[in-house]
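Data block for input07.pdb (PDB, C-alpha atoms and all ligand atoms):
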ATOM      1  CA  MET A   1       0.000   0.000   0.000  1.00  0.00           C
ATOM      2  CA  GLU A   2       1.256   3.516  -0.866  1.00  0.00           C
ATOM      3  CA  ILE A   3       0.024   6.786   0.534  1.00  0.00           C
ATOM      4  CA  PHE A   4       0.833  10.494   0.282  1.00  0.00           C
ATOM      5  CA  PHE A   5       1.968  12.471   3.338  1.00  0.00           C
ATOM      6  CA  ALA A   6       1.617  16.237   2.851  1.00  0.00           C
ATOM      7  CA  THR A   7       4.185  18.003   5.014  1.00  0.00           C
ATOM      8  CA  THR A   8       7.032  20.501   4.886  1.00  0.00           C
ATOM      9  CA  ASN A   9       8.716  18.952   7.908  1.00  0.00           C
ATOM     10  CA  LEU A  10      11.402  16.450   6.908  1.00  0.00           C
ATOM     11  CA  GLY A  11      11.792  15.239  10.502  1.00  0.00           C
ATOM     12  CA  LYS A  12       8.157  14.160  10.579  1.00  0.00           C
ATOM     13  CA  LEU A  13       8.477  12.655   7.115  1.00  0.00           C
ATOM     14  CA  GLY A  14      11.503  10.542   8.097  1.00  0.00           C
ATOM     15  CA  GLU A  15       9.818   9.164  11.209  1.00  0.00           C
ATOM     16  CA  ALA A  16       6.495   8.441   9.494  1.00  0.00           C
ATOM     17  CA  THR A  17       8.253   6.716   6.577  1.00  0.00           C
ATOM     18  CA  LYS A  18      10.175   4.432   8.940  1.00  0.00           C
ATOM     19  CA  ILE A  19       7.226   3.617  11.200  1.00  0.00           C
ATOM     20  CA  LEU A  20       4.772   2.942   8.359  1.00  0.00           C
ATOM     21  CA  LYS A  21       7.313   0.886   6.389  1.00  0.00           C
ATOM     22  CA  GLU A  22       7.419  -1.564   9.276  1.00  0.00           C
ATOM     23  CA  ILE A  23       3.652  -2.051   8.931  1.00  0.00           C
ATOM     24  CA  GLY A  24       3.773  -2.446   5.158  1.00  0.00           C
ATOM     25  CA  ILE A  25       2.770   1.070   4.065  1.00  0.00           C
ATOM     26  CA  LYS A  26       4.975   3.090   1.717  1.00  0.00           C
ATOM     27  CA  VAL A  27       4.966   6.866   2.214  1.00  0.00           C
ATOM     28  CA  LYS A  28       5.125   9.235  -0.750  1.00  0.00           C
ATOM     29  CA  HIS A  29       6.082  12.826   0.022  1.00  0.00           C
ATOM     30  CA  PHE A  30       3.817  15.690  -1.047  1.00  0.00           C
ATOM     31  CA  PRO A  31       5.773  18.867  -0.146  1.00  0.00           C
ATOM     32  CA  PHE A  32       2.736  20.963   0.497  1.00  0.00           C
ATOM     33  CA  VAL A  33       3.088  24.556   1.703  1.00  0.00           C
ATOM     34  CA  TYR A  34      -0.019  25.889   3.380  1.00  0.00           C
ATOM     35  CA  ASN A  35      -0.885  28.564   5.947  1.00  0.00           C
ATOM     36  CA  GLU A  36      -2.389  26.810   8.950  1.00  0.00           C
ATOM     37  CA  ILE A  37      -5.628  28.177  10.392  1.00  0.00           C
ATOM     38  CA  ARG A  38      -5.504  29.674  13.887  1.00  0.00           C
ATOM     39  CA  SER A  39      -7.157  27.330  16.341  1.00  0.00           C
ATOM     40  CA  ASP A  40      -6.366  25.853  19.764  1.00  0.00           C
ATOM     41  CA  SER A  41      -7.315  22.407  18.449  1.00  0.00           C
ATOM     42  CA  ILE A  42      -4.786  20.249  16.597  1.00  0.00           C
ATOM     43  CA  GLU A  43      -7.703  18.288  15.134  1.00  0.00           C
ATOM     44  CA  GLU A  44      -9.257  21.419  13.635  1.00  0.00           C
ATOM     45  CA  VAL A  45      -5.900  22.425  12.158  1.00  0.00           C
ATOM     46  CA  ALA A  46      -5.313  18.958  10.680  1.00  0.00           C
ATOM     47  CA  ARG A  47      -8.854  18.623   9.283  1.00  0.00           C
ATOM     48  CA  ASP A  48      -8.581  21.975   7.555  1.00  0.00           C
ATOM     49  CA  ALA A  49      -5.107  21.287   6.134  1.00  0.00           C
ATOM     50  CA  VAL A  50      -5.958  17.875   4.701  1.00  0.00           C
ATOM     51  CA  LYS A  51      -8.881  19.278   2.703  1.00  0.00           C
ATOM     52  CA  PHE A  52      -6.531  21.754   1.023  1.00  0.00           C
ATOM     53  CA  ALA A  53      -3.936  19.069   0.371  1.00  0.00           C
ATOM     54  CA  TYR A  54      -6.538  16.760  -1.170  1.00  0.00           C
ATOM     55  CA  LYS A  55      -7.933  19.561  -3.322  1.00  0.00           C
ATOM     56  CA  ARG A  56      -4.453  20.228  -4.677  1.00  0.00           C
ATOM     57  CA  LEU A  57      -3.260  16.630  -5.029  1.00  0.00           C
ATOM     58  CA  LYS A  58      -6.547  14.896  -5.923  1.00  0.00           C
ATOM     59  CA  GLU A  59      -5.230  11.664  -4.398  1.00  0.00           C
ATOM     60  CA  PRO A  60      -5.755  10.089  -0.965  1.00  0.00           C
ATOM     61  CA  VAL A  61      -3.477  11.966   1.414  1.00  0.00           C
ATOM     62  CA  PHE A  62      -2.794  12.526   5.105  1.00  0.00           C
ATOM     63  CA  VAL A  63      -1.415  15.437   7.102  1.00  0.00           C
ATOM     64  CA  GLU A  64      -0.384  15.610  10.726  1.00  0.00           C
ATOM     65  CA  ASP A  65      -0.527  18.403  13.265  1.00  0.00           C
ATOM     66  CA  THR A  66       1.552  18.113  16.420  1.00  0.00           C
ATOM     67  CA  GLY A  67       1.804  20.375  19.441  1.00  0.00           C
ATOM     68  CA  LEU A  68       3.875  20.480  22.603  1.00  0.00           C
ATOM     69  CA  PHE A  69       1.537  21.296  25.510  1.00  0.00           C
ATOM     70  CA  ILE A  70       3.288  22.546  28.674  1.00  0.00           C
ATOM     71  CA  GLU A  71       1.121  22.110  31.783  1.00  0.00           C
ATOM     72  CA  LYS A  72       2.489  25.097  33.721  1.00  0.00           C
ATOM     73  CA  TRP A  73       1.685  27.338  30.729  1.00  0.00           C
ATOM     74  CA  ASN A  74      -1.913  26.087  30.414  1.00  0.00           C
ATOM     75  CA  GLY A  75      -1.028  24.049  27.357  1.00  0.00           C
ATOM     76  CA  PHE A  76       0.928  26.718  25.533  1.00  0.00           C
ATOM     77  CA  PRO A  77       2.524  26.580  22.946  1.00  0.00           C
ATOM     78  CA  GLY A  78       0.184  23.790  21.702  1.00  0.00           C
ATOM     79  CA  THR A  79      -0.928  24.561  18.158  1.00  0.00           C
ATOM     80  CA  TYR A  80       1.474  27.511  18.170  1.00  0.00           C
ATOM     81  CA  SER A  81       4.506  25.257  18.666  1.00  0.00           C
ATOM     82  CA  ALA A  82       6.133  25.974  15.299  1.00  0.00           C
ATOM     83  CA  VAL A  83       6.072  29.743  15.955  1.00  0.00           C
ATOM     84  CA  MET A  84       7.406  29.249  19.488  1.00  0.00           C
ATOM     85  CA  LEU A  85      10.282  27.182  18.184  1.00  0.00           C
ATOM     86  CA  LYS A  86      11.078  29.662  15.462  1.00  0.00           C
ATOM     87  CA  LYS A  87      10.972  32.734  17.688  1.00  0.00           C
ATOM     88  CA  LEU A  88      12.354  31.473  21.027  1.00  0.00           C
ATOM     89  CA  GLY A  89      13.851  28.067  20.272  1.00  0.00           C
ATOM     90  CA  ASN A  90      14.549  25.352  22.809  1.00  0.00           C
ATOM     91  CA  GLU A  91      17.003  27.715  24.560  1.00  0.00           C
ATOM     92  CA  GLY A  92      14.126  30.144  25.175  1.00  0.00           C
ATOM     93  CA  ILE A  93      11.868  27.460  26.634  1.00  0.00           C
ATOM     94  CA  ILE A  94      14.615  26.174  28.963  1.00  0.00           C
ATOM     95  CA  LYS A  95      15.292  29.717  30.123  1.00  0.00           C
ATOM     96  CA  LEU A  96      11.612  30.494  30.783  1.00  0.00           C
ATOM     97  CA  MET A  97      11.239  27.220  32.713  1.00  0.00           C
ATOM     98  CA  GLU A  98      14.333  27.846  34.888  1.00  0.00           C
ATOM     99  CA  GLY A  99      13.646  26.882  38.520  1.00  0.00           C
ATOM    100  CA  GLU A 100      10.124  25.682  37.679  1.00  0.00           C
ATOM    101  CA  PRO A 101       9.304  22.435  39.526  1.00  0.00           C
ATOM    102  CA  ASN A 102       6.241  21.583  37.388  1.00  0.00           C
ATOM    103  CA  ARG A 103       7.851  20.539  34.105  1.00  0.00           C
ATOM    104  CA  ALA A 104       5.041  18.268  32.879  1.00  0.00           C
ATOM    105  CA  ALA A 105       4.455  18.383  29.141  1.00  0.00           C
ATOM    106  CA  LEU A 106       2.606  16.472  26.479  1.00  0.00           C
ATOM    107  CA  PHE A 107       3.157  15.853  22.792  1.00  0.00           C
ATOM    108  CA  ASP A 108      -0.194  15.507  21.054  1.00  0.00           C
ATOM    109  CA  THR A 109      -0.611  14.517  17.401  1.00  0.00           C
ATOM    110  CA  CYS A 110      -3.638  14.448  15.150  1.00  0.00           C
ATOM    111  CA  ILE A 111      -3.450  12.781  11.747  1.00  0.00           C
ATOM    112  CA  ALA A 112      -6.149  13.703   9.244  1.00  0.00           C
ATOM    113  CA  TYR A 113      -6.640  11.518   6.178  1.00  0.00           C
ATOM    114  CA  HIS A 114      -8.832  12.402   3.234  1.00  0.00           C
ATOM    115  CA  ASP A 115     -10.076  10.350   0.276  1.00  0.00           C
ATOM    116  CA  THR A 116     -13.297  10.119  -1.765  1.00  0.00           C
ATOM    117  CA  ASN A 117     -15.143   8.945   1.368  1.00  0.00           C
ATOM    118  CA  GLY A 118     -14.253  12.083   3.326  1.00  0.00           C
ATOM    119  CA  THR A 119     -11.963  12.741   6.296  1.00  0.00           C
ATOM    120  CA  THR A 120     -10.953  10.495   9.177  1.00  0.00           C
ATOM    121  CA  VAL A 121      -8.673  11.364  12.089  1.00  0.00           C
ATOM    122  CA  ALA A 122      -6.318   9.453  14.398  1.00  0.00           C
ATOM    123  CA  HIS A 123      -4.696  10.663  17.618  1.00  0.00           C
ATOM    124  CA  GLY A 124      -1.562   9.882  19.603  1.00  0.00           C
ATOM    125  CA  LYS A 125      -0.252  11.329  22.864  1.00  0.00           C
ATOM    126  CA  CYS A 126       3.065  11.070  24.677  1.00  0.00           C
ATOM    127  CA  TYR A 127       3.335  12.382  28.263  1.00  0.00           C
ATOM    128  CA  GLY A 128       6.635  13.525  29.712  1.00  0.00           C
ATOM    129  CA  ARG A 129       8.522  16.529  31.002  1.00  0.00           C
ATOM    130  CA  ILE A 130      10.764  19.349  29.892  1.00  0.00           C
ATOM    131  CA  SER A 131      14.431  18.669  30.665  1.00  0.00           C
ATOM    132  CA  GLU A 132      16.591  21.085  32.685  1.00  0.00           C
ATOM    133  CA  SER A 133      18.934  21.570  29.721  1.00  0.00           C
ATOM    134  CA  ILE A 134      19.224  20.849  26.007  1.00  0.00           C
ATOM    135  CA  ARG A 135      20.445  17.272  25.523  1.00  0.00           C
ATOM    136  CA  GLY A 136      21.083  15.040  22.521  1.00  0.00           C
ATOM    137  CA  LYS A 137      21.694  15.463  18.827  1.00  0.00           C
ATOM    138  CA  SER A 138      19.119  13.240  17.104  1.00  0.00           C
ATOM    139  CA  GLY A 139      15.570  14.040  16.093  1.00  0.00           C
ATOM    140  CA  PHE A 140      14.207  17.498  15.411  1.00  0.00           C
ATOM    141  CA  GLY A 141      12.089  20.278  16.898  1.00  0.00           C
ATOM    142  CA  PHE A 142      11.656  19.906  20.670  1.00  0.00           C
ATOM    143  CA  ASP A 143      13.280  16.462  20.869  1.00  0.00           C
ATOM    144  CA  SER A 144      16.336  17.726  22.755  1.00  0.00           C
ATOM    145  CA  ILE A 145      14.216  19.124  25.634  1.00  0.00           C
ATOM    146  CA  PHE A 146      11.530  16.420  26.004  1.00  0.00           C
ATOM    147  CA  ILE A 147      11.878  13.397  28.315  1.00  0.00           C
ATOM    148  CA  PRO A 148       9.063  10.827  27.984  1.00  0.00           C
ATOM    149  CA  ASP A 149       7.487   9.457  31.194  1.00  0.00           C
ATOM    150  CA  GLY A 150       9.389   6.517  32.637  1.00  0.00           C
ATOM    151  CA  GLY A 151      12.664   7.603  31.047  1.00  0.00           C
ATOM    152  CA  GLU A 152      15.677   9.758  31.858  1.00  0.00           C
ATOM    153  CA  GLN A 153      16.897  10.515  28.338  1.00  0.00           C
ATOM    154  CA  THR A 154      15.493  13.113  25.984  1.00  0.00           C
ATOM    155  CA  PHE A 155      14.029  11.957  22.660  1.00  0.00           C
ATOM    156  CA  ALA A 156      17.140  13.426  21.000  1.00  0.00           C
ATOM    157  CA  GLU A 157      19.328  11.139  23.131  1.00  0.00           C
ATOM    158  CA  SER A 158      17.302   8.037  22.337  1.00  0.00           C
ATOM    159  CA  ILE A 159      15.634   8.175  18.968  1.00  0.00           C
ATOM    160  CA  GLU A 160      15.053   4.385  18.877  1.00  0.00           C
ATOM    161  CA  LEU A 161      12.941   4.717  22.009  1.00  0.00           C
ATOM    162  CA  LYS A 162      11.106   7.696  20.540  1.00  0.00           C
ATOM    163  CA  ASN A 163       9.988   5.725  17.521  1.00  0.00           C
ATOM    164  CA  LYS A 164       8.554   2.984  19.755  1.00  0.00           C
ATOM    165  CA  LEU A 165       6.448   5.116  22.085  1.00  0.00           C
ATOM    166  CA  SER A 166       6.003   8.561  20.599  1.00  0.00           C
ATOM    167  CA  HIS A 167       2.836  10.503  19.846  1.00  0.00           C
ATOM    168  CA  ARG A 168       3.689   9.971  16.154  1.00  0.00           C
ATOM    169  CA  TYR A 169       4.104   6.211  16.522  1.00  0.00           C
ATOM    170  CA  LYS A 170       0.779   5.886  18.378  1.00  0.00           C
ATOM    171  CA  SER A 171      -1.187   8.060  15.957  1.00  0.00           C
ATOM    172  CA  LEU A 172       0.310   6.284  12.917  1.00  0.00           C
ATOM    173  CA  LEU A 173      -0.568   2.904  14.375  1.00  0.00           C
ATOM    174  CA  GLU A 174      -4.199   3.932  14.918  1.00  0.00           C
ATOM    175  CA  PHE A 175      -4.244   5.521  11.472  1.00  0.00           C
ATOM    176  CA  SER A 176      -2.851   2.428   9.719  1.00  0.00           C
ATOM    177  CA  LYS A 177      -5.532   0.243  11.319  1.00  0.00           C
ATOM    178  CA  SER A 178      -8.339   2.517  10.128  1.00  0.00           C
ATOM    179  CA  LEU A 179      -6.708   2.743   6.690  1.00  0.00           C
ATOM    180  CA  LYS A 180      -6.585  -1.017   6.254  1.00  0.00           C
ATOM    181  CA  LEU A 181     -10.263  -1.272   7.208  1.00  0.00           C
ATOM    182  CA  ARG A 182     -11.181   1.536   4.850  1.00  0.00           C
ATOM    183  CA  ARG A 183      -9.342   0.528   1.694  1.00  0.00           C
TER     184      ARG A 183
HETATM  185  P1  LIG B   1       3.810  20.628   8.533  1.00  0.00           P
HETATM  186  O1  LIG B   1       2.640  21.381   9.123  1.00  0.00           O
HETATM  187  O2  LIG B   1       4.221  21.071   7.176  1.00  0.00           O
HETATM  188  O3  LIG B   1       3.624  19.121   8.629  1.00  0.00           O
HETATM  189  P2  LIG B   1       5.266  21.809  10.805  1.00  0.00           P
HETATM  190  O4  LIG B   1       6.715  21.752  11.193  1.00  0.00           O
HETATM  191  O5  LIG B   1       4.629  23.147  10.622  1.00  0.00           O
HETATM  192  O6  LIG B   1       5.111  20.907   9.476  1.00  0.00           O
HETATM  193  P3  LIG B   1       3.567  21.178  13.123  1.00  0.00           P
HETATM  194  O7  LIG B   1       2.860  22.477  13.078  1.00  0.00           O
HETATM  195  O8  LIG B   1       2.747  19.949  13.305  1.00  0.00           O
HETATM  196  O9  LIG B   1       4.450  20.917  11.811  1.00  0.00           O
HETATM  197  O10 LIG B   1       4.675  21.143  14.254  1.00  0.00           O
HETATM  198  C1  LIG B   1       4.757  22.113  15.251  1.00  0.00           C
HETATM  199  C2  LIG B   1       6.171  22.193  15.754  1.00  0.00           C
HETATM  200  O11 LIG B   1       6.426  21.056  16.592  1.00  0.00           O
HETATM  201  C3  LIG B   1       7.229  22.191  14.662  1.00  0.00           C
HETATM  202  O12 LIG B   1       8.182  23.184  14.960  1.00  0.00           O
HETATM  203  C4  LIG B   1       7.841  20.808  14.742  1.00  0.00           C
HETATM  204  O13 LIG B   1       9.217  20.813  14.394  1.00  0.00           O
HETATM  205  C5  LIG B   1       7.622  20.420  16.200  1.00  0.00           C
HETATM  206  N1  LIG B   1       7.426  18.974  16.309  1.00  0.00           N
HETATM  207  C6  LIG B   1       6.464  18.249  15.695  1.00  0.00           C
HETATM  208  N2  LIG B   1       6.616  16.944  15.986  1.00  0.00           N
HETATM  209  C7  LIG B   1       7.692  16.854  16.803  1.00  0.00           C
HETATM  210  C8  LIG B   1       8.369  15.786  17.421  1.00  0.00           C
HETATM  211  O14 LIG B   1       7.996  14.534  17.250  1.00  0.00           O
HETATM  212  N3  LIG B   1       9.439  16.042  18.179  1.00  0.00           N
HETATM  213  C9  LIG B   1       9.861  17.309  18.365  1.00  0.00           C
HETATM  214  N4  LIG B   1       9.297  18.383  17.809  1.00  0.00           N
HETATM  215  C10 LIG B   1       8.213  18.169  17.018  1.00  0.00           C
END

What does this structure look like when you write it as structure tokens?
Ligand code: ITT
Amino acid sequence: MEIFFATTNLGKLGEATKILKEIGIKVKHFPFVYNEIRSDSIEEVARDAVKFAYKRLKEPVFVEDTGLFIEKWNGFPGTYSAVMLKKLGNEGIIKLMEGEPNRAALFDTCIAYHDTNGTTVAHGKCYGRISESIRGKSGFGFDSIFIPDGGEQTFAESIELKNKLSHRYKSLLEFSKSLKLRR
């Protein structure tokens, strides 16, 4: 089975390609540039984006919206994660969190898939905490400041672990099940 993934993020693309390959699905890249809507809901963002991608591509396609939700900041940056990373970076987050005992954070992903039957969504969450410093070289985005629950290493220090328990892994697994039922 082959399927298009519309994204500009090569980190996401690499992980999704690897994870889906192991379950027998080949990913084709659709480098789709699109201005996300403003919403606090990753599902709303993903649902809107996939309609545009499908309109452009005219083939079954999925998109994925991911946010880092920091408990102490009432879930911010959430759907604004890309802007946060661009403007403040991981250094900025570590600095703002200095001395903060509540470091709980959550990665939340929503995949939206669209074909002639309409849109379906799949979700995946990964709970953890923000590290005290930037650690590790692998991965992308916030990986060097996020430690999943039960672990001591950041995602960037243990990418093999990331791909077995991450928000992306969980959402792709749920998505692949619904895809196999649907097609
Ligand atoms: P597309 O919308 O084109 O797919 P994007 O980079 O804009 O790419 P998102 O809005 O979903 O994607 O991502 C928000 C930010 O969160 C962005 O800066 C990502 O690099 C980062 N991010 C997403 N998944 C991540 C992960 O698994 N680990 C670390 N950071 C991640």

### Task
Using all atoms listed in the file, find the one residue out of A:Arg129, A:Arg56, A:Arg135, A:Arg182 that sits nearest to Val33 in chain A.
A:Arg56

Using 7 Å as the limit and counting only C-alpha atoms and all ligand atoms, can you tabulate each residue of chain A that touches ligand LIG 1 (chain B), with its shortest atom-to-atom distance in Å and the two atoms involved, as CSV?
residue,atom,partner,partner_atom,distance
A:Ala6,CA,B:LIG1,O3,6.8
A:Thr7,CA,B:LIG1,O2,3.8
A:Thr8,CA,B:LIG1,O2,3.7
A:Asn9,CA,B:LIG1,O6,4.4
A:Lys12,CA,B:LIG1,N2,6.3
A:Phe32,CA,B:LIG1,O2,6.8
A:Val33,CA,B:LIG1,O2,6.6
A:Val63,CA,B:LIG1,O3,6.4
A:Glu64,CA,B:LIG1,O3,5.7
A:Asp65,CA,B:LIG1,O8,3.6
A:Thr66,CA,B:LIG1,O8,3.8
A:Gly67,CA,B:LIG1,C1,5.4
A:Leu68,CA,B:LIG1,O11,6.6
A:Thr79,CA,B:LIG1,O7,6.7
A:Tyr80,CA,B:LIG1,C1,7.0
A:Ser81,CA,B:LIG1,C2,4.5
A:Ala82,CA,B:LIG1,O12,3.5
A:Val83,CA,B:LIG1,O12,7.0
A:Leu85,CA,B:LIG1,O12,5.5
A:Gly139,CA,B:LIG1,N3,6.8
A:Phe140,CA,B:LIG1,C9,5.3
A:Gly141,CA,B:LIG1,N4,3.5
A:Phe142,CA,B:LIG1,C9,3.9
A:Asp143,CA,B:LIG1,C9,4.3
A:Arg168,CA,B:LIG1,O14,6.4

If the PyMOL selection byres (((chain A and resi 109) around 6) and not hetatm) were run on this exact file, what residues would it hold? Put them as a compact mmCIF listing (two decimals) with C-alpha atoms, keeping the file's coordinate frame.
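So the final result, stored in selection-v8.txt, reads:
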# COMPACT_ATOMS: atom_id res chain seq x y z
CA ASP A 65 -0.53 18.40 13.26
CA THR A 66 1.55 18.11 16.42
CA ASP A 108 -0.19 15.51 21.05
CA CYS A 110 -3.64 14.45 15.15
CA HIS A 123 -4.70 10.66 17.62
CA GLY A 124 -1.56 9.88 19.60
CA HIS A 167 2.84 10.50 19.85

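The gap separating CA of Ile93 in chain A from CA of Lys137 in chain A is 17.4 Å, in Å to one decimal.
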
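Distances from A:Glu43, A:Glu160, A:Gly11, A:Met1 to Lys28 in chain A were compared using only C-alpha atoms, and the smallest one belongs to A:Met1.
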
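Our summary of the geometry notes that CA of Ile111 in chain A is positioned 9.0 Å from CA of Ile42 in chain A.
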
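In this model, the gap between CA of Ser166 in chain A and CA of Glu59 in chain A comes to 27.6 Å.
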
Contacts of range 33-104 of chain A with range 177-180 of chain A up to 12 Å, shortest pair per row, all atoms listed in the file, as a tab-separated table:
residue	atom	partner	partner_atom	distance
A:Pro60	CA	A:Leu179	CA	10.7
A:Val61	CA	A:Leu179	CA	11.1
A:Phe62	CA	A:Leu179	CA	10.7

### Query
For Thr116 in chain A, which residue among A:Gly24, A:Asp40, A:Gly14, A:Tyr54 is the nearest when counting all atoms listed in the file?
A:Tyr54

### Summary
Across A:Phe146, A:Phe30, A:Phe5, A:Phe52, the smallest distance to Ile70 in chain A, with only C-alpha atoms counted, is shown by A:Phe146
